[in-house]
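Asker: Input entry_7.pdb, format and content: PDB, C-alpha atoms and all ligand atoms.
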MODEL        1
ATOM      1  CA  MET E 713      16.313  10.100  -0.738  1.00  0.00           C
ATOM      2  CA  HIS E 714      13.972   8.822   1.962  1.00  0.00           C
ATOM      3  CA  LEU E 715      16.704   9.364   4.550  1.00  0.00           C
ATOM      4  CA  ALA E 716      17.251  12.927   3.333  1.00  0.00           C
ATOM      5  CA  ILE E 717      13.558  13.603   3.988  1.00  0.00           C
ATOM      6  CA  VAL E 718      13.674  11.863   7.379  1.00  0.00           C
ATOM      7  CA  ARG E 719      16.632  14.081   8.350  1.00  0.00           C
ATOM      8  CA  SER E 720      15.062  17.303   7.061  1.00  0.00           C
ATOM      9  CA  ARG E 721      11.564  16.770   8.457  1.00  0.00           C
ATOM     10  CA  SER E 722      12.079  14.425  11.411  1.00  0.00           C
ATOM     11  CA  ALA E 723       9.632  12.128   9.588  1.00  0.00           C
ATOM     12  CA  GLY E 724       8.724   8.688  10.866  1.00  0.00           C
ATOM     13  CA  ALA E 725       7.467   7.591   7.442  1.00  0.00           C
ATOM     14  CA  VAL E 726       8.102   8.741   3.860  1.00  0.00           C
ATOM     15  CA  LEU E 727       5.857   7.758   0.942  1.00  0.00           C
ATOM     16  CA  HIS E 728       6.251   8.158  -2.819  1.00  0.00           C
ATOM     17  CA  THR E 729       3.646   7.788  -5.587  1.00  0.00           C
ATOM     18  CA  HIS E 730       3.690   7.537  -9.374  1.00  0.00           C
ATOM     19  CA  SER E 731       0.090   8.659  -9.793  1.00  0.00           C
ATOM     20  CA  VAL E 732      -1.421   9.981 -13.014  1.00  0.00           C
ATOM     21  CA  TRP E 733      -2.373  13.358 -11.529  1.00  0.00           C
ATOM     22  CA  SER E 734       0.939  14.056  -9.780  1.00  0.00           C
ATOM     23  CA  THR E 735       2.739  13.243 -13.041  1.00  0.00           C
ATOM     24  CA  ILE E 736       0.475  15.450 -15.155  1.00  0.00           C
ATOM     25  CA  LEU E 737       0.552  18.441 -12.771  1.00  0.00           C
ATOM     26  CA  SER E 738       4.318  18.230 -12.299  1.00  0.00           C
ATOM     27  CA  GLU E 739       4.668  18.835 -16.041  1.00  0.00           C
ATOM     28  CA  ALA E 740       1.712  21.168 -16.596  1.00  0.00           C
ATOM     29  CA  THR E 741       2.904  23.672 -13.984  1.00  0.00           C
ATOM     30  CA  ALA E 742       5.380  26.314 -15.077  1.00  0.00           C
ATOM     31  CA  GLY E 743       8.098  27.305 -12.600  1.00  0.00           C
ATOM     32  CA  GLY E 744       9.484  25.635  -9.557  1.00  0.00           C
ATOM     33  CA  SER E 745       6.370  24.970  -7.484  1.00  0.00           C
ATOM     34  CA  LEU E 746       2.699  24.007  -7.531  1.00  0.00           C
ATOM     35  CA  THR E 747       0.384  26.168  -5.407  1.00  0.00           C
ATOM     36  CA  ILE E 748      -2.887  24.776  -4.042  1.00  0.00           C
ATOM     37  CA  GLU E 749      -5.226  27.051  -2.088  1.00  0.00           C
ATOM     38  CA  GLY E 750      -8.836  27.522  -1.080  1.00  0.00           C
ATOM     39  CA  TYR E 751      -9.903  23.882  -0.757  1.00  0.00           C
ATOM     40  CA  GLU E 752     -11.504  22.384   2.349  1.00  0.00           C
ATOM     41  CA  MET E 753      -9.471  19.200   1.961  1.00  0.00           C
ATOM     42  CA  LEU E 754      -6.261  21.146   2.669  1.00  0.00           C
ATOM     43  CA  LYS E 755      -7.262  20.723   6.326  1.00  0.00           C
ATOM     44  CA  GLY E 756      -6.171  17.083   6.020  1.00  0.00           C
ATOM     45  CA  LEU E 757      -2.542  18.190   5.843  1.00  0.00           C
ATOM     46  CA  ASP E 758      -0.552  18.137   9.067  1.00  0.00           C
ATOM     47  CA  GLY E 759      -1.095  21.329  11.091  1.00  0.00           C
ATOM     48  CA  VAL E 760      -3.502  22.958   8.611  1.00  0.00           C
ATOM     49  CA  GLY E 761      -6.758  24.201  10.161  1.00  0.00           C
ATOM     50  CA  THR E 762      -8.390  26.278   7.426  1.00  0.00           C
ATOM     51  CA  HIS E 763      -9.255  26.133   3.733  1.00  0.00           C
ATOM     52  CA  GLU E 764      -7.510  29.516   3.443  1.00  0.00           C
ATOM     53  CA  HIS E 765      -4.142  27.732   3.644  1.00  0.00           C
ATOM     54  CA  ARG E 766      -1.787  28.114   0.676  1.00  0.00           C
ATOM     55  CA  GLU E 767       0.179  24.923   0.016  1.00  0.00           C
ATOM     56  CA  ARG E 768       3.251  25.395  -2.133  1.00  0.00           C
ATOM     57  CA  LEU E 769       4.860  22.157  -3.298  1.00  0.00           C
ATOM     58  CA  PRO E 770       8.336  22.487  -4.816  1.00  0.00           C
ATOM     59  CA  ILE E 771       8.835  20.772  -8.190  1.00  0.00           C
ATOM     60  CA  VAL E 772      12.284  19.245  -8.709  1.00  0.00           C
ATOM     61  CA  GLU E 773      13.678  17.893 -11.959  1.00  0.00           C
ATOM     62  CA  ASN E 774      13.772  14.129 -12.381  1.00  0.00           C
ATOM     63  CA  THR E 775      17.022  12.148 -12.252  1.00  0.00           C
ATOM     64  CA  GLN E 776      18.145   8.527 -12.094  1.00  0.00           C
ATOM     65  CA  ASP E 777      20.797   9.328  -9.463  1.00  0.00           C
ATOM     66  CA  TRP E 778      18.898  10.150  -6.278  1.00  0.00           C
ATOM     67  CA  ALA E 779      21.876   9.491  -4.035  1.00  0.00           C
ATOM     68  CA  ALA E 780      23.626  12.410  -5.731  1.00  0.00           C
ATOM     69  CA  ALA E 781      20.453  14.525  -5.697  1.00  0.00           C
ATOM     70  CA  ALA E 782      19.657  13.996  -1.990  1.00  0.00           C
ATOM     71  CA  PRO E 783      21.653  17.056  -0.769  1.00  0.00           C
ATOM     72  CA  ARG E 784      19.738  19.233  -3.269  1.00  0.00           C
ATOM     73  CA  ILE E 785      16.463  17.860  -1.903  1.00  0.00           C
ATOM     74  CA  GLU E 786      17.549  18.705   1.654  1.00  0.00           C
ATOM     75  CA  THR E 787      18.301  22.274   0.532  1.00  0.00           C
ATOM     76  CA  ILE E 788      14.897  22.593  -1.168  1.00  0.00           C
ATOM     77  CA  LEU E 789      13.141  21.296   1.955  1.00  0.00           C
ATOM     78  CA  ARG E 790      15.056  23.826   4.077  1.00  0.00           C
ATOM     79  CA  GLU E 791      13.992  26.599   1.677  1.00  0.00           C
ATOM     80  CA  HIS E 792      10.312  25.478   1.854  1.00  0.00           C
ATOM     81  CA  PRO E 793       9.778  24.719   5.550  1.00  0.00           C
ATOM     82  CA  GLU E 794       5.970  24.842   5.184  1.00  0.00           C
ATOM     83  CA  ALA E 795       5.741  22.305   2.330  1.00  0.00           C
ATOM     84  CA  HIS E 796       4.002  18.993   3.077  1.00  0.00           C
ATOM     85  CA  GLY E 797       5.543  17.302   0.055  1.00  0.00           C
ATOM     86  CA  PHE E 798       7.259  17.884  -3.267  1.00  0.00           C
ATOM     87  CA  LEU E 799       6.790  16.816  -6.871  1.00  0.00           C
ATOM     88  CA  ILE E 800       9.367  15.343  -9.202  1.00  0.00           C
ATOM     89  CA  ARG E 801       8.739  16.528 -12.747  1.00  0.00           C
ATOM     90  CA  GLY E 802       7.231  13.813 -14.913  1.00  0.00           C
ATOM     91  CA  HIS E 803       7.630  11.288 -12.101  1.00  0.00           C
ATOM     92  CA  GLY E 804       5.487  11.648  -8.960  1.00  0.00           C
ATOM     93  CA  LEU E 805       5.052  12.855  -5.382  1.00  0.00           C
ATOM     94  CA  TYR E 806       6.963  12.538  -2.112  1.00  0.00           C
ATOM     95  CA  THR E 807       5.312  13.268   1.218  1.00  0.00           C
ATOM     96  CA  TRP E 808       5.870  12.203   4.817  1.00  0.00           C
ATOM     97  CA  GLY E 809       4.411  12.044   8.308  1.00  0.00           C
ATOM     98  CA  LYS E 810       5.257  11.319  11.928  1.00  0.00           C
ATOM     99  CA  ASP E 811       4.141   7.715  11.270  1.00  0.00           C
ATOM    100  CA  LEU E 812       2.826   5.606   8.384  1.00  0.00           C
ATOM    101  CA  GLY E 813      -0.819   6.494   9.038  1.00  0.00           C
ATOM    102  CA  ASP E 814       0.027  10.193   8.957  1.00  0.00           C
ATOM    103  CA  ALA E 815       1.976   9.868   5.699  1.00  0.00           C
ATOM    104  CA  LYS E 816      -0.849   7.825   4.111  1.00  0.00           C
ATOM    105  CA  ARG E 817      -3.374  10.496   5.047  1.00  0.00           C
ATOM    106  CA  GLN E 818      -1.215  13.155   3.393  1.00  0.00           C
ATOM    107  CA  ILE E 819      -0.896  11.044   0.239  1.00  0.00           C
ATOM    108  CA  GLU E 820      -4.677  10.723   0.062  1.00  0.00           C
ATOM    109  CA  ILE E 821      -5.195  14.461   0.638  1.00  0.00           C
ATOM    110  CA  LEU E 822      -2.570  15.590  -1.873  1.00  0.00           C
ATOM    111  CA  GLU E 823      -3.677  13.099  -4.536  1.00  0.00           C
ATOM    112  CA  PHE E 824      -7.290  14.238  -4.076  1.00  0.00           C
ATOM    113  CA  LEU E 825      -6.224  17.873  -4.489  1.00  0.00           C
ATOM    114  CA  PHE E 826      -4.113  17.036  -7.563  1.00  0.00           C
ATOM    115  CA  GLU E 827      -7.094  15.371  -9.199  1.00  0.00           C
ATOM    116  CA  VAL E 828      -9.337  18.346  -8.407  1.00  0.00           C
ATOM    117  CA  MET E 829      -6.780  20.744  -9.887  1.00  0.00           C
ATOM    118  CA  GLY E 830      -6.136  18.556 -12.915  1.00  0.00           C
ATOM    119  CA  ARG E 831      -9.819  18.099 -13.707  1.00  0.00           C
ATOM    120  CA  LYS E 832     -10.506  21.803 -13.134  1.00  0.00           C
ATOM    121  CA  ARG E 833      -7.726  22.778 -15.533  1.00  0.00           C
ATOM    122  CA  GLY E 834      -9.033  20.231 -18.041  1.00  0.00           C
ATOM    123  CA  MET E 835     -12.467  21.818 -17.882  1.00  0.00           C
ATOM    124  CA  ALA E 836     -10.944  25.278 -18.390  1.00  0.00           C
ATOM    125  CA  TRP E 837      -9.053  24.053 -21.459  1.00  0.00           C
ATOM    126  CA  GLN E 838     -12.267  22.750 -23.021  1.00  0.00           C
ATOM    127  CA  GLN E 839     -14.142  26.059 -22.651  1.00  0.00           C
TER     128      GLN E 839
HETATM  129 ZN    ZN Q 901       9.639   6.950  -8.305  1.00  0.00          ZN
ENDMDL
END
Could you render the structure as structure tokens?
Answerer:
Amino acid sequence: MHLAIVRSRSAGAVLHTHSVWSTILSEATAGGSLTIEGYEMLKGLDGVGTHEHRERLPIVENTQDWAAAAPRIETILREHPEAHGFLIRGHGLYTWGKDLGDAKRQIEILEFLFEVMGRKRGMAWQQ
């Protein structure tokens, strides 16, 4: 899986999380992607210079056989050349960078944005 991402994105580092917010949003979002837009913190993603950026993270179904799923991931990454990561439904997040520091920054940015979106949706549900 990591090698599939390295090949597709020329990444120097690939990171994967099992965070609460990535798990919740991967299940709470209908359809095949999660869209995040309008937040200042988007500028922490590689190559993004404005809050007006629209980040679209593909959501793939979970599996226990990632060796078999790797070609499907490569196809999804080809189909979403702008994506800085992807979610696995009910599982977590993958992202990457040119080096470990870059990938860690993207994890921090995406996890921050997931928490903002999750808390915002939670507030909307309570109203
Ligand atoms: Zn995992």
Asker: Which residues come within 10 Å of range 798-811 of chain E, counting all atoms listed in the file, excluding same-chain residues fewer than 6 positions away, as a CSV table (one decimal) with C-alpha atoms, in the coordinates of the input?
Answerer:
chain,number,residue,atom,x,y,z
E,713,MET,CA,16.3,10.1,-0.7
E,714,HIS,CA,14.0,8.8,2.0
E,717,ILE,CA,13.6,13.6,4.0
E,718,VAL,CA,13.7,11.9,7.4
E,721,ARG,CA,11.6,16.8,8.5
E,722,SER,CA,12.1,14.4,11.4
E,723,ALA,CA,9.6,12.1,9.6
E,724,GLY,CA,8.7,8.7,10.9
E,725,ALA,CA,7.5,7.6,7.4
E,726,VAL,CA,8.1,8.7,3.9
E,727,LEU,CA,5.9,7.8,0.9
E,728,HIS,CA,6.3,8.2,-2.8
E,729,THR,CA,3.6,7.8,-5.6
E,730,HIS,CA,3.7,7.5,-9.4
E,731,SER,CA,0.1,8.7,-9.8
E,732,VAL,CA,-1.4,10.0,-13.0
E,733,TRP,CA,-2.4,13.4,-11.5
E,734,SER,CA,0.9,14.1,-9.8
E,735,THR,CA,2.7,13.2,-13.0
E,736,ILE,CA,0.5,15.4,-15.2
E,737,LEU,CA,0.6,18.4,-12.8
E,738,SER,CA,4.3,18.2,-12.3
E,739,GLU,CA,4.7,18.8,-16.0
E,740,ALA,CA,1.7,21.2,-16.6
E,741,THR,CA,2.9,23.7,-14.0
E,744,GLY,CA,9.5,25.6,-9.6
E,745,SER,CA,6.4,25.0,-7.5
E,746,LEU,CA,2.7,24.0,-7.5
E,757,LEU,CA,-2.5,18.2,5.8
E,758,ASP,CA,-0.6,18.1,9.1
E,768,ARG,CA,3.3,25.4,-2.1
E,769,LEU,CA,4.9,22.2,-3.3
E,770,PRO,CA,8.3,22.5,-4.8
E,771,ILE,CA,8.8,20.8,-8.2
E,772,VAL,CA,12.3,19.2,-8.7
E,773,GLU,CA,13.7,17.9,-12.0
E,774,ASN,CA,13.8,14.1,-12.4
E,775,THR,CA,17.0,12.1,-12.3
E,785,ILE,CA,16.5,17.9,-1.9
E,788,ILE,CA,14.9,22.6,-1.2
E,789,LEU,CA,13.1,21.3,2.0
E,792,HIS,CA,10.3,25.5,1.9
E,817,ARG,CA,-3.4,10.5,5.0
E,818,GLN,CA,-1.2,13.2,3.4
E,819,ILE,CA,-0.9,11.0,0.2
E,822,LEU,CA,-2.6,15.6,-1.9
E,823,GLU,CA,-3.7,13.1,-4.5
Asker: Go through the shown structure with the PyMOL selection byres (((chain E and resi 756) around 12) and not hetatm) and write out the matching residues as a CSV table (one decimal) with C-alpha atoms, keeping the file's coordinate frame.
Answerer:
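Just written: part-v4.csv:
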chain,number,residue,atom,x,y,z
E,751,TYR,CA,-9.9,23.9,-0.8
E,752,GLU,CA,-11.5,22.4,2.3
E,753,MET,CA,-9.5,19.2,2.0
E,754,LEU,CA,-6.3,21.1,2.7
E,755,LYS,CA,-7.3,20.7,6.3
E,757,LEU,CA,-2.5,18.2,5.8
E,758,ASP,CA,-0.6,18.1,9.1
E,759,GLY,CA,-1.1,21.3,11.1
E,760,VAL,CA,-3.5,23.0,8.6
E,761,GLY,CA,-6.8,24.2,10.2
E,762,THR,CA,-8.4,26.3,7.4
E,763,HIS,CA,-9.3,26.1,3.7
E,765,HIS,CA,-4.1,27.7,3.6
E,767,GLU,CA,0.2,24.9,0.0
E,796,HIS,CA,4.0,19.0,3.1
E,809,GLY,CA,4.4,12.0,8.3
E,814,ASP,CA,0.0,10.2,9.0
E,815,ALA,CA,2.0,9.9,5.7
E,816,LYS,CA,-0.8,7.8,4.1
E,817,ARG,CA,-3.4,10.5,5.0
E,818,GLN,CA,-1.2,13.2,3.4
E,819,ILE,CA,-0.9,11.0,0.2
E,820,GLU,CA,-4.7,10.7,0.1
E,821,ILE,CA,-5.2,14.5,0.6
E,822,LEU,CA,-2.6,15.6,-1.9
E,823,GLU,CA,-3.7,13.1,-4.5
E,824,PHE,CA,-7.3,14.2,-4.1
E,825,LEU,CA,-6.2,17.9,-4.5
Asker: One decimal, in Å: what's the spacing between CA of Val828 in chain E and CA of Gly750 in chain E?
Answerer: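 Distance between the two atoms: 11.8 Å.
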Asker: Grab the CA of Phe826 in chain E to CA of Ile748 in chain E distance for me, in Å with one decimal place.
Answerer: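 We find that CA of Phe826 in chain E and CA of Ile748 in chain E lie 8.6 Å from each other.
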Asker: Just how far from CA of Arg784 in chain E is CA of Ser720 in chain E, in Å to one decimal?
Answerer: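 Straight-line distance from CA of Ser720 in chain E to CA of Arg784 in chain E works out to 11.5 Å.
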Asker: For ligand ZN 901 (chain Q), which residue out of E:Asp777, E:Glu827, E:Glu749, E:Glu764 is the nearest one, using all atoms listed in the file?
Answerer: E:Asp777
Asker: For range 732-745 of chain E, which lacks atoms in the input, supply N, CA, C and O atoms and format the output as a PDB file, keeping the file's coordinate frame.
Answerer:
ATOM      1  N   VAL E 732      -1.152   9.262 -11.757  1.00  0.00           N
ATOM      2  CA  VAL E 732      -1.421   9.981 -13.014  1.00  0.00           C
ATOM      3  C   VAL E 732      -1.447  11.489 -12.766  1.00  0.00           C
ATOM      4  O   VAL E 732      -0.788  12.262 -13.460  1.00  0.00           O
ATOM      5  N   TRP E 733      -2.197  11.912 -11.735  1.00  0.00           N
ATOM      6  CA  TRP E 733      -2.373  13.358 -11.529  1.00  0.00           C
ATOM      7  C   TRP E 733      -1.106  14.050 -11.063  1.00  0.00           C
ATOM      8  O   TRP E 733      -0.822  15.180 -11.454  1.00  0.00           O
ATOM      9  N   SER E 734      -0.320  13.415 -10.203  1.00  0.00           N
ATOM     10  CA  SER E 734       0.939  14.056  -9.780  1.00  0.00           C
ATOM     11  C   SER E 734       1.892  14.181 -10.965  1.00  0.00           C
ATOM     12  O   SER E 734       2.605  15.175 -11.100  1.00  0.00           O
ATOM     13  N   THR E 735       1.873  13.192 -11.857  1.00  0.00           N
ATOM     14  CA  THR E 735       2.739  13.243 -13.041  1.00  0.00           C
ATOM     15  C   THR E 735       2.296  14.361 -13.979  1.00  0.00           C
ATOM     16  O   THR E 735       3.112  15.160 -14.444  1.00  0.00           O
ATOM     17  N   ILE E 736       0.989  14.423 -14.235  1.00  0.00           N
ATOM     18  CA  ILE E 736       0.475  15.450 -15.155  1.00  0.00           C
ATOM     19  C   ILE E 736       0.747  16.852 -14.605  1.00  0.00           C
ATOM     20  O   ILE E 736       1.280  17.720 -15.297  1.00  0.00           O
ATOM     21  N   LEU E 737       0.401  17.082 -13.325  1.00  0.00           N
ATOM     22  CA  LEU E 737       0.552  18.441 -12.771  1.00  0.00           C
ATOM     23  C   LEU E 737       2.011  18.843 -12.650  1.00  0.00           C
ATOM     24  O   LEU E 737       2.352  20.012 -12.783  1.00  0.00           O
ATOM     25  N   SER E 738       2.888  17.892 -12.415  1.00  0.00           N
ATOM     26  CA  SER E 738       4.318  18.230 -12.299  1.00  0.00           C
ATOM     27  C   SER E 738       4.860  18.758 -13.617  1.00  0.00           C
ATOM     28  O   SER E 738       5.828  19.513 -13.642  1.00  0.00           O
ATOM     29  N   GLU E 739       4.223  18.370 -14.718  1.00  0.00           N
ATOM     30  CA  GLU E 739       4.668  18.835 -16.041  1.00  0.00           C
ATOM     31  C   GLU E 739       3.861  20.018 -16.537  1.00  0.00           C
ATOM     32  O   GLU E 739       4.356  20.820 -17.313  1.00  0.00           O
ATOM     33  N   ALA E 740       2.599  20.132 -16.080  1.00  0.00           N
ATOM     34  CA  ALA E 740       1.712  21.168 -16.596  1.00  0.00           C
ATOM     35  C   ALA E 740       1.894  22.492 -15.856  1.00  0.00           C
ATOM     36  O   ALA E 740       1.265  23.481 -16.198  1.00  0.00           O
ATOM     37  N   THR E 741       2.730  22.489 -14.810  1.00  0.00           N
ATOM     38  CA  THR E 741       2.904  23.672 -13.984  1.00  0.00           C
ATOM     39  C   THR E 741       4.240  24.331 -14.318  1.00  0.00           C
ATOM     40  O   THR E 741       5.287  23.710 -14.183  1.00  0.00           O
ATOM     41  N   ALA E 742       4.158  25.579 -14.763  1.00  0.00           N
ATOM     42  CA  ALA E 742       5.380  26.314 -15.077  1.00  0.00           C
ATOM     43  C   ALA E 742       6.052  26.745 -13.777  1.00  0.00           C
ATOM     44  O   ALA E 742       5.387  26.993 -12.776  1.00  0.00           O
ATOM     45  N   GLY E 743       7.375  26.834 -13.781  1.00  0.00           N
ATOM     46  CA  GLY E 743       8.098  27.305 -12.600  1.00  0.00           C
ATOM     47  C   GLY E 743       8.423  26.194 -11.642  1.00  0.00           C
ATOM     48  O   GLY E 743       8.228  25.016 -11.923  1.00  0.00           O
ATOM     49  N   GLY E 744       8.910  26.596 -10.485  1.00  0.00           N
ATOM     50  CA  GLY E 744       9.484  25.635  -9.557  1.00  0.00           C
ATOM     51  C   GLY E 744       8.576  25.142  -8.468  1.00  0.00           C
ATOM     52  O   GLY E 744       9.041  24.464  -7.542  1.00  0.00           O
ATOM     53  N   SER E 745       7.262  25.463  -8.532  1.00  0.00           N
ATOM     54  CA  SER E 745       6.370  24.970  -7.484  1.00  0.00           C
ATOM     55  C   SER E 745       4.924  24.937  -7.963  1.00  0.00           C
ATOM     56  O   SER E 745       4.549  25.630  -8.908  1.00  0.00           O
TER      57      SER E 745
END
